[in-house]
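Q: Got a structure for you, coords-v3.cif, holding mmCIF, C-alpha atoms.
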data_input
loop_
_atom_site.label_atom_id
_atom_site.label_comp_id
_atom_site.auth_asym_id
_atom_site.auth_seq_id
_atom_site.Cartn_x
_atom_site.Cartn_y
_atom_site.Cartn_z
CA PRO A 281 59.20 -74.89 -37.69
CA PRO A 282 56.05 -73.25 -38.93
CA PRO A 283 55.26 -69.87 -37.30
CA PRO A 284 52.90 -69.99 -34.32
CA PRO A 285 49.27 -69.31 -35.06
CA PRO A 286 48.16 -65.76 -34.45
CA PRO A 287 46.59 -65.11 -31.05
CA PRO A 288 42.82 -65.31 -30.94
CA PRO A 289 41.04 -61.99 -31.25
CA PRO A 290 40.07 -60.45 -27.96
CA HIS A 291 36.61 -61.13 -26.67
CA PRO A 292 34.33 -58.60 -28.29
CA THR A 293 33.06 -55.83 -26.02
CA THR A 294 29.40 -54.94 -25.70
CA PRO A 295 28.08 -54.48 -29.19
CA PRO A 296 27.14 -50.93 -30.17
CA LEU A 297 23.60 -52.12 -30.89
CA PHE A 298 23.18 -52.88 -27.19
CA PHE A 299 23.67 -49.21 -26.35
CA PHE A 300 21.20 -48.22 -29.02
CA PHE A 301 18.47 -50.46 -27.65
CA PHE A 302 19.33 -49.61 -24.02
CA PHE A 303 18.95 -45.88 -24.56
CA PHE A 304 15.92 -46.38 -26.79
CA PHE A 305 13.98 -48.30 -24.13
CA PHE A 306 15.56 -46.59 -21.11
CA PRO A 307 16.19 -42.98 -22.10
CA PRO A 308 17.97 -40.72 -19.58
CA PRO A 309 15.62 -38.69 -17.40
CA PRO A 310 14.83 -35.19 -18.66
CA PRO A 311 16.57 -32.28 -16.90
CA PRO A 312 14.60 -30.87 -13.96
CA PRO A 313 12.37 -27.89 -14.79
CA PRO A 314 13.50 -24.46 -13.61
CA PRO A 315 12.12 -23.49 -10.21
CA ALA A 316 8.76 -21.80 -10.33
CA ALA A 317 8.56 -18.12 -9.48
CA PRO A 318 7.28 -17.54 -5.96
CA PRO A 319 3.63 -16.57 -5.81
CA PRO A 320 2.87 -12.94 -4.95
CA ALA A 321 2.26 -12.18 -1.34
CA ALA A 322 -1.28 -12.98 -0.31
CA ARG A 323 -3.54 -9.97 -0.05
CA ALA A 324 -5.35 -9.43 3.18
CA ARG A 325 -9.09 -9.75 2.79
CA ALA A 326 -11.51 -8.88 5.52
CA ARG A 327 -14.90 -7.26 5.53
CA ALA A 328 -16.43 -6.54 8.89
CA ARG A 329 -16.91 -3.79 11.43
CA GLY A 330 -13.46 -2.50 12.14
CA GLY A 331 -12.24 -4.64 9.27
CA ALA A 332 -11.44 -3.63 5.75
CA THR A 333 -12.07 -4.12 2.06
CA ASP A 334 -9.48 -5.09 -0.52
CA ALA A 335 -9.96 -2.27 -3.02
CA GLY A 336 -8.26 -3.98 -5.95
CA SER A 337 -4.96 -5.35 -7.18
CA THR A 338 -1.73 -3.43 -6.95
CA ASP A 339 1.70 -3.80 -8.53
CA ALA A 340 3.23 -2.81 -5.25
CA GLY A 341 6.44 -4.82 -5.33
CA SER A 342 8.04 -8.17 -4.66
CA ALA A 343 7.50 -10.19 -1.53
CA GLY A 344 9.86 -9.47 1.29
CA ALA A 345 11.11 -6.21 -0.16
CA GLY A 346 9.10 -3.96 2.11
CA LEU A 347 6.72 -1.39 0.73
CA ASN A 348 5.87 2.20 1.44
CA LEU A 349 2.57 2.73 3.26
CA ILE A 350 0.40 5.77 2.59
CA VAL A 351 -2.65 6.51 4.75
CA ILE A 352 -5.35 8.80 3.35
CA GLY A 353 -8.74 10.00 4.57
CA GLY A 354 -10.82 13.06 5.35
CA ARG A 355 -9.90 15.74 7.84
CA GLY A 356 -10.20 14.50 11.39
CA CYS A 357 -10.41 10.80 10.55
CA GLY A 358 -7.44 9.93 12.78
CA LYS A 359 -4.73 9.35 10.17
CA SER A 360 -2.01 11.00 12.23
CA SER A 361 -2.86 9.11 15.43
CA VAL A 362 -3.01 5.77 13.61
CA CYS A 363 0.30 6.45 11.85
CA ARG A 364 1.96 7.32 15.15
CA ARG A 365 0.79 3.99 16.57
CA LEU A 366 2.15 2.14 13.56
CA ALA A 367 5.52 3.89 13.76
CA ALA A 368 5.79 3.32 17.51
CA ALA A 369 5.09 -0.41 17.19
CA ASP A 370 7.38 -1.10 14.21
CA LYS A 371 10.56 0.97 14.31
CA ARG A 372 11.32 0.12 10.69
CA PHE A 373 8.71 2.65 9.58
CA LYS A 374 9.95 6.13 8.68
CA HIS A 375 6.98 8.31 9.57
CA MET A 376 6.38 11.43 7.46
CA SER A 377 3.51 13.91 7.68
CA LEU A 378 2.79 15.63 4.38
CA ASP A 379 1.40 18.66 6.21
CA ASP A 380 4.61 18.99 8.22
CA LEU A 381 6.69 18.69 5.06
CA ILE A 382 4.56 21.34 3.35
CA VAL A 383 5.12 23.70 6.28
CA TYR A 384 8.86 23.01 6.08
CA GLU A 385 8.97 23.65 2.32
CA ALA A 386 7.09 26.93 2.87
CA GLY A 387 9.74 28.17 5.28
CA GLY A 388 7.76 27.40 8.41
CA ALA A 389 4.52 29.13 7.40
CA SER A 390 1.37 27.50 8.77
CA ILE A 391 -1.15 25.80 6.49
CA PRO A 392 -3.68 28.66 6.80
CA ALA A 393 -0.91 31.18 6.04
CA ILE A 394 0.16 29.24 2.93
CA VAL A 395 -3.43 29.15 1.68
CA ASP A 396 -3.88 32.87 2.39
CA GLU A 397 -0.74 33.71 0.47
CA ARG A 398 -0.91 31.28 -2.45
CA GLY A 399 -4.56 30.25 -2.60
CA TRP A 400 -5.71 26.66 -2.76
CA ARG A 401 -4.24 26.22 -6.26
CA GLY A 402 -0.80 27.25 -5.07
CA PHE A 403 -1.17 25.03 -2.02
CA ARG A 404 -2.07 22.01 -4.16
CA GLU A 405 0.99 22.63 -6.35
CA LEU A 406 3.22 22.72 -3.28
CA GLU A 407 1.50 19.58 -2.01
CA PHE A 408 2.30 17.81 -5.29
CA GLU A 409 5.98 18.77 -4.99
CA VAL A 410 6.04 17.33 -1.48
CA CYS A 411 4.31 14.13 -2.67
CA VAL A 412 7.07 13.66 -5.24
CA LYS A 413 9.80 14.03 -2.61
CA ALA A 414 8.07 11.85 -0.01
CA GLY A 415 7.29 9.11 -2.54
CA ARG A 416 10.96 8.90 -3.56
CA ALA A 417 12.53 9.30 -0.13
CA PHE A 418 12.75 5.60 0.80
CA ASP A 419 12.69 2.25 -0.97
CA GLY A 420 10.47 0.69 1.69
CA PHE A 421 8.88 1.23 5.09
CA ALA A 422 8.08 4.88 4.45
CA LEU A 423 4.91 5.66 6.40
CA ILE A 424 3.22 8.69 4.85
CA ASP A 425 0.42 10.48 6.68
CA ALA A 426 -1.27 12.29 3.79
CA GLY A 427 -3.48 15.35 4.05
CA GLY A 428 -7.21 15.17 3.48
CA GLY A 429 -7.00 16.78 0.05
CA VAL A 430 -4.12 14.76 -1.31
CA VAL A 431 -6.44 13.06 -3.82
CA THR A 432 -7.50 16.40 -5.33
CA ASP A 433 -6.31 19.03 -7.77
CA LEU A 434 -8.17 22.07 -9.13
CA ASP A 435 -9.49 22.42 -12.66
CA GLU A 436 -9.51 25.66 -14.67
CA ASN A 437 -12.67 26.75 -12.86
CA GLY A 438 -11.23 26.12 -9.41
CA GLU A 439 -13.33 22.99 -8.82
CA GLU A 440 -11.78 19.94 -7.23
CA VAL A 441 -10.96 16.98 -9.47
CA PHE A 442 -9.22 13.68 -8.83
CA SER A 443 -5.41 13.97 -8.71
CA GLN A 444 -3.86 10.95 -10.37
CA ARG A 445 -0.48 12.68 -10.45
CA LYS A 446 -0.25 12.86 -6.65
CA VAL A 447 -1.37 9.24 -6.24
CA ASP A 448 1.32 8.15 -8.71
CA ALA A 449 3.94 10.32 -7.01
CA LEU A 450 3.24 8.79 -3.60
CA LYS A 451 3.59 5.26 -5.02
CA ALA A 452 6.66 6.02 -7.15
CA LYS A 453 8.92 3.55 -5.34
CA GLY A 454 6.29 0.90 -4.67
CA GLY A 455 3.62 1.42 -2.09
CA VAL A 456 0.12 0.70 -0.94
CA ILE A 457 -2.51 3.31 -0.13
CA VAL A 458 -4.92 2.71 2.73
CA PHE A 459 -8.10 4.77 3.00
CA LEU A 460 -9.29 5.32 6.57
CA ASP A 461 -13.03 5.76 6.04
CA ARG A 462 -14.96 7.52 8.80
CA ASP A 463 -18.56 8.69 8.93
CA VAL A 464 -18.83 12.32 7.80
CA ASP A 465 -20.74 13.32 10.95
CA TYR A 466 -17.81 12.13 13.02
CA LEU A 467 -15.42 14.20 10.88
CA ILE A 468 -17.57 17.33 11.22
CA GLU A 469 -17.58 16.98 15.00
CA ARG A 470 -13.84 16.38 15.11
CA ILE A 471 -12.79 19.44 13.11
CA ALA A 472 -15.25 21.95 14.58
CA GLY A 473 -13.41 25.04 15.80
CA ASP A 474 -9.97 23.95 14.60
CA SER A 475 -8.20 27.13 13.46
CA ASN A 476 -5.36 25.13 11.89
CA ARG A 477 -7.71 23.83 9.19
CA PRO A 478 -8.62 26.59 6.70
CA ASP A 479 -12.01 26.54 4.97
CA LEU A 480 -11.88 24.36 1.89
CA ASN A 481 -14.51 26.21 -0.10
CA ALA A 482 -16.49 29.40 0.47
CA SER A 483 -19.62 28.11 -1.24
CA LYS A 484 -19.67 24.40 -0.34
CA SER A 485 -20.16 22.79 3.05
CA PHE A 486 -17.66 20.34 4.46
CA ARG A 487 -20.26 17.58 4.04
CA GLU A 488 -20.64 18.37 0.34
CA ILE A 489 -16.88 18.34 -0.15
CA MET A 490 -16.47 15.00 1.64
CA GLU A 491 -19.29 13.42 -0.35
CA ARG A 492 -17.60 14.57 -3.56
CA ARG A 493 -14.19 13.27 -2.44
CA LEU A 494 -15.40 9.86 -1.22
CA PRO A 495 -15.18 8.10 -4.62
CA TRP A 496 -11.72 9.61 -5.14
CA TYR A 497 -10.47 8.22 -1.85
CA LYS A 498 -11.79 4.83 -2.89
CA LYS A 499 -10.27 5.11 -6.35
CA ALA A 500 -6.84 5.90 -4.93
CA ALA A 501 -6.94 3.17 -2.27
CA ASP A 502 -5.54 -0.33 -2.45
CA PHE A 503 -7.23 -1.06 0.86
CA ILE A 504 -10.21 0.50 2.68
CA VAL A 505 -10.54 0.41 6.45
CA ASP A 506 -13.96 1.20 7.90
CA GLY A 507 -13.50 3.33 11.01
CA GLY A 508 -17.23 3.90 11.58
CA GLY A 509 -18.12 6.88 13.72
CA ASN A 510 -21.90 6.99 13.80
CA ASP A 511 -23.86 4.69 16.10
CA ALA A 512 -27.17 5.93 14.70
CA ASN A 513 -26.58 4.39 11.27
CA GLU A 514 -24.95 1.18 12.56
CA ARG A 515 -21.37 2.33 12.01
CA PRO A 516 -20.00 2.29 15.55
CA LEU A 517 -16.73 4.05 16.14
CA VAL A 518 -13.71 1.75 15.82
CA LYS A 519 -10.80 2.27 18.21
CA LYS A 520 -7.57 3.55 16.69
CA LYS A 521 -5.56 0.65 18.07
CA ARG A 522 -7.81 -1.76 16.19
CA LEU A 523 -7.52 0.35 13.04
CA ALA A 524 -3.73 0.29 13.34
CA SER A 525 -3.82 -3.49 13.78
CA THR A 526 -5.98 -3.92 10.67
CA ILE A 527 -3.67 -1.75 8.59
CA ALA A 528 -0.57 -3.54 9.92
CA ALA A 529 -2.03 -6.97 9.11
CA TYR A 530 -2.73 -5.85 5.56
CA TYR A 531 0.70 -4.26 5.16
CA TYR A 532 2.62 -7.33 6.34
CA ALA A 533 0.56 -9.67 4.17
CA GLN A 534 0.86 -7.47 1.10
CA SER A 535 4.59 -6.76 1.38
CA GLY A 536 5.67 -10.20 2.56
CA VAL A 537 7.72 -8.86 5.47
CA GLU A 538 7.56 -10.35 8.93
CA PRO A 539 6.30 -8.31 11.90
CA LEU A 540 8.72 -7.61 14.70
CA ALA A 541 8.79 -10.11 17.55
CA ASP A 542 7.63 -7.63 20.18
CA GLN A 543 4.91 -5.88 18.19
CA TRP A 544 1.51 -5.47 19.84
CA PHE A 545 -0.61 -5.55 16.69
CA GLN A 546 -3.55 -7.93 16.70
CA LEU A 547 -2.70 -9.41 13.34
CA ASP A 548 -5.65 -11.79 13.27
CA VAL A 549 -8.24 -8.98 13.30
CA GLY A 550 -9.55 -9.98 9.90
CA LYS A 551 -10.22 -13.55 11.04
CA ARG A 552 -12.32 -12.78 14.07
CA ASN A 553 -15.47 -11.68 12.29
#
Could you quickly redo this structure as structure tokens?

A:
Amino acid sequence: PPPPPPPPPPHPTTPPLFFFFFFFFFPPPPPPPPPAAPPPAARARARARGGATDAGSTDAGSAGAGLNLIVIGGRGCGKSSVCRRLAAADKRFKHMSLDDLIVYEAGGASIPAIVDERGWRGFRELEFEVCVKAGRAFDGFALIDAGGGVVTDLDENGEEVFSQRKVDALKAKGGVIVFLDRDVDYLIERIAGDSNRPDLNASKSFREIMERRLPWYKKAADFIVDGGGNDANERPLVKKKRLASTIAAYYYAQSGVEPLADQWFQLDVGKRN
């Protein structure tokens, strides 16, 4: 008998052209974009009595990392008291006094004794060395109570000039500088008769020196807190607890860290005015 006919070809599968038109009209979705970088921590902005002024941008560090906090201001402005309040309320702060560190580095000699022995130029050099050590001591939460002349160096004629090197040293590991601005009359009253504060200049008054330093404090600062101190010219004295609250609110906002649950700071101080 004749051989059986060959089996019919299998039913053709989906033609290749179908895939071409399918992917032409219905292309696969594009891959998702990479996640956006988180925005920098919001900077605290407040301008009012007992409030503060944002003094400019700062490359202080990434959010959540914690920053170092440096408080500057003239003699008698209350830096040490405010820093003690900050350190007592947030135990993460490591409080350092530059004056205490200078005394330690000088073998226990008092500030007046160091100035008598080395002169103001030698004292400023020692102060710079201490700024370098303090600025590098911690990667975050260092709380540095800086001396009144930390923004100054001496030129070849012995005149004070702005000290960029000390500002840079204090911020070496990422930090923000807060200037506690008080009325000069308040400062004069506060330091009167204090034997632990040697004369800054034999030919210039304390008022003249503070007026010369004021723009340097502002230049160094990332944040300026108005502490007032003179009711006669509409700058009433601001309580230290409120000053500490203002500085804390700025610090937490700038660094991106959360305050402790049991802190007493009034962190909305900038929103009340």

Q: In Å, how far is it from CA of Asp379 (chain A) to CA of Gly427 (chain A)?

A: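 Distance between the two atoms: 6.3 Å.
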
Q: For the file shown, report as number ranges by chain the outcome of the PyMOL selection byres ((chain A and resi 430-440) around 10) at residue level.

A: A: 352-354, 378, 400-405, 407-408, 411, 426-429, 441-447, 450, 481, 489, 492-494, 496-500

Q: Could you work out how far CA of Leu347 (chain A) lies from CA of Ser535 (chain A), giving the answer in Å with one decimal?

A: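 Straight-line distance from CA of Ser535 (chain A) to CA of Leu347 (chain A) works out to 5.8 Å.
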
Q: Distance CA of Asp370 (chain A)-CA of Leu517 (chain A), one decimal place?

A: 24.7 Å

Q: Could you spell out the hits of the PyMOL selection byres ((chain A and resi 521) around 9) on the shown file, as a PDB file with C-alpha atoms, keeping the file's coordinate frame?

A:
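Saved to part-v2.pdb:
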ATOM      1  CA  VAL A 362      -3.010   5.770  13.610  1.00  0.00           C
ATOM      2  CA  ARG A 365       0.790   3.990  16.570  1.00  0.00           C
ATOM      3  CA  VAL A 518     -13.710   1.750  15.820  1.00  0.00           C
ATOM      4  CA  LYS A 519     -10.800   2.270  18.210  1.00  0.00           C
ATOM      5  CA  LYS A 520      -7.570   3.550  16.690  1.00  0.00           C
ATOM      6  CA  ARG A 522      -7.810  -1.760  16.190  1.00  0.00           C
ATOM      7  CA  LEU A 523      -7.520   0.350  13.040  1.00  0.00           C
ATOM      8  CA  ALA A 524      -3.730   0.290  13.340  1.00  0.00           C
ATOM      9  CA  SER A 525      -3.820  -3.490  13.780  1.00  0.00           C
ATOM     10  CA  THR A 526      -5.980  -3.920  10.670  1.00  0.00           C
ATOM     11  CA  PHE A 545      -0.610  -5.550  16.690  1.00  0.00           C
ATOM     12  CA  GLN A 546      -3.550  -7.930  16.700  1.00  0.00           C
TER      13      GLN A 546
END

Q: With 10 Å as the threshold, what does the neighbourhood of (-1.1, 14.3, 13.9) contain in terms of residues, counting all atoms listed in the file? Coordinates are those of the file; answer as a list in words.

A: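 Final list of nearby residues, as requested, is Gly356, Gly358, Lys359, Ser360, Ser361, Val362, Cys363, Arg364, Ser377, Asp379, Asp380 and Asp425 of chain A.
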
Q: I would like the residues chosen by the PyMOL selection byres ((chain A and resi 540) around 10) on the shown file; could you give them as an MDAnalysis selection string?

A: chainID A and resid 369:372 537:539 541:545

Q: Looking at A:Ala472, A:Val505, A:Ala393, A:Ala414, which one is nearest to Gly455 (chain A), with distances taken over all atoms listed in the file?

A: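 Between A:Ala472, A:Val505, A:Ala393, A:Ala414, the residue approaching Gly455 (chain A) most closely is A:Ala414.
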
Q: Could you name the residues that touch Gly346 (chain A) at 12 Å or less, counting only C-alpha atoms, but leaving out those on the same chain fewer than 3 positions away, as a PyMOL selection string?

A: chain A and resi 321+340-343+349+372-373+418-423+453-456+531-539

Q: Can those selected residues be exported to a file as a compact mmCIF listing (two decimals), in the frame of the given file so that it contains C-alpha atoms?

A:
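Writing the result to again30.txt gives the following:
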# COMPACT_ATOMS: atom_id res chain seq x y z
CA ALA A 321 2.26 -12.18 -1.34
CA ALA A 340 3.23 -2.81 -5.25
CA GLY A 341 6.44 -4.82 -5.33
CA SER A 342 8.04 -8.17 -4.66
CA ALA A 343 7.50 -10.19 -1.53
CA LEU A 349 2.57 2.73 3.26
CA ARG A 372 11.32 0.12 10.69
CA PHE A 373 8.71 2.65 9.58
CA PHE A 418 12.75 5.60 0.80
CA ASP A 419 12.69 2.25 -0.97
CA GLY A 420 10.47 0.69 1.69
CA PHE A 421 8.88 1.23 5.09
CA ALA A 422 8.08 4.88 4.45
CA LEU A 423 4.91 5.66 6.40
CA LYS A 453 8.92 3.55 -5.34
CA GLY A 454 6.29 0.90 -4.67
CA GLY A 455 3.62 1.42 -2.09
CA VAL A 456 0.12 0.70 -0.94
CA TYR A 531 0.70 -4.26 5.16
CA TYR A 532 2.62 -7.33 6.34
CA ALA A 533 0.56 -9.67 4.17
CA GLN A 534 0.86 -7.47 1.10
CA SER A 535 4.59 -6.76 1.38
CA GLY A 536 5.67 -10.20 2.56
CA VAL A 537 7.72 -8.86 5.47
CA GLU A 538 7.56 -10.35 8.93
CA PRO A 539 6.30 -8.31 11.90

Q: Please complete region 418-433 of chain A with N, CA and C atoms and give it back as a tab-separated table (two decimals), in the coordinates of the input.

A:
chain	number	residue	atom	x	y	z
A	418	PHE	N	12.30	6.90	0.29
A	418	PHE	CA	12.75	5.60	0.80
A	418	PHE	C	12.28	4.50	-0.14
A	419	ASP	N	13.04	3.40	-0.14
A	419	ASP	CA	12.69	2.25	-0.97
A	419	ASP	C	11.73	1.30	-0.27
A	420	GLY	N	11.40	1.54	0.95
A	420	GLY	CA	10.47	0.69	1.69
A	420	GLY	C	10.32	1.20	3.11
A	421	PHE	N	9.19	0.87	3.71
A	421	PHE	CA	8.88	1.23	5.09
A	421	PHE	C	8.73	2.74	5.31
A	422	ALA	N	8.53	3.51	4.25
A	422	ALA	CA	8.08	4.88	4.45
A	422	ALA	C	6.62	4.83	4.88
A	423	LEU	N	6.29	5.58	5.90
A	423	LEU	CA	4.91	5.66	6.40
A	423	LEU	C	4.46	7.10	6.22
A	424	ILE	N	3.59	7.33	5.25
A	424	ILE	CA	3.22	8.69	4.85
A	424	ILE	C	1.81	8.99	5.32
A	425	ASP	N	1.69	9.97	6.20
A	425	ASP	CA	0.42	10.48	6.68
A	425	ASP	C	0.02	11.62	5.76
A	426	ALA	N	-0.92	11.33	4.84
A	426	ALA	CA	-1.27	12.29	3.79
A	426	ALA	C	-2.41	13.20	4.25
A	427	GLY	N	-2.41	14.42	3.73
A	427	GLY	CA	-3.48	15.35	4.05
A	427	GLY	C	-4.80	14.94	3.43
A	428	GLY	N	-5.87	15.55	3.93
A	428	GLY	CA	-7.21	15.17	3.48
A	428	GLY	C	-7.47	15.45	2.01
A	429	GLY	N	-6.79	16.44	1.45
A	429	GLY	CA	-7.00	16.78	0.05
A	429	GLY	C	-5.97	16.25	-0.91
A	430	VAL	N	-5.21	15.26	-0.48
A	430	VAL	CA	-4.12	14.76	-1.31
A	430	VAL	C	-4.63	14.10	-2.59
A	431	VAL	N	-5.89	13.70	-2.62
A	431	VAL	CA	-6.44	13.06	-3.82
A	431	VAL	C	-7.04	14.08	-4.78
A	432	THR	N	-6.86	15.38	-4.52
A	432	THR	CA	-7.50	16.40	-5.33
A	432	THR	C	-6.50	17.34	-5.97
A	433	ASP	N	-6.92	17.88	-7.12
A	433	ASP	CA	-6.31	19.03	-7.77
A	433	ASP	C	-7.46	19.97	-8.14
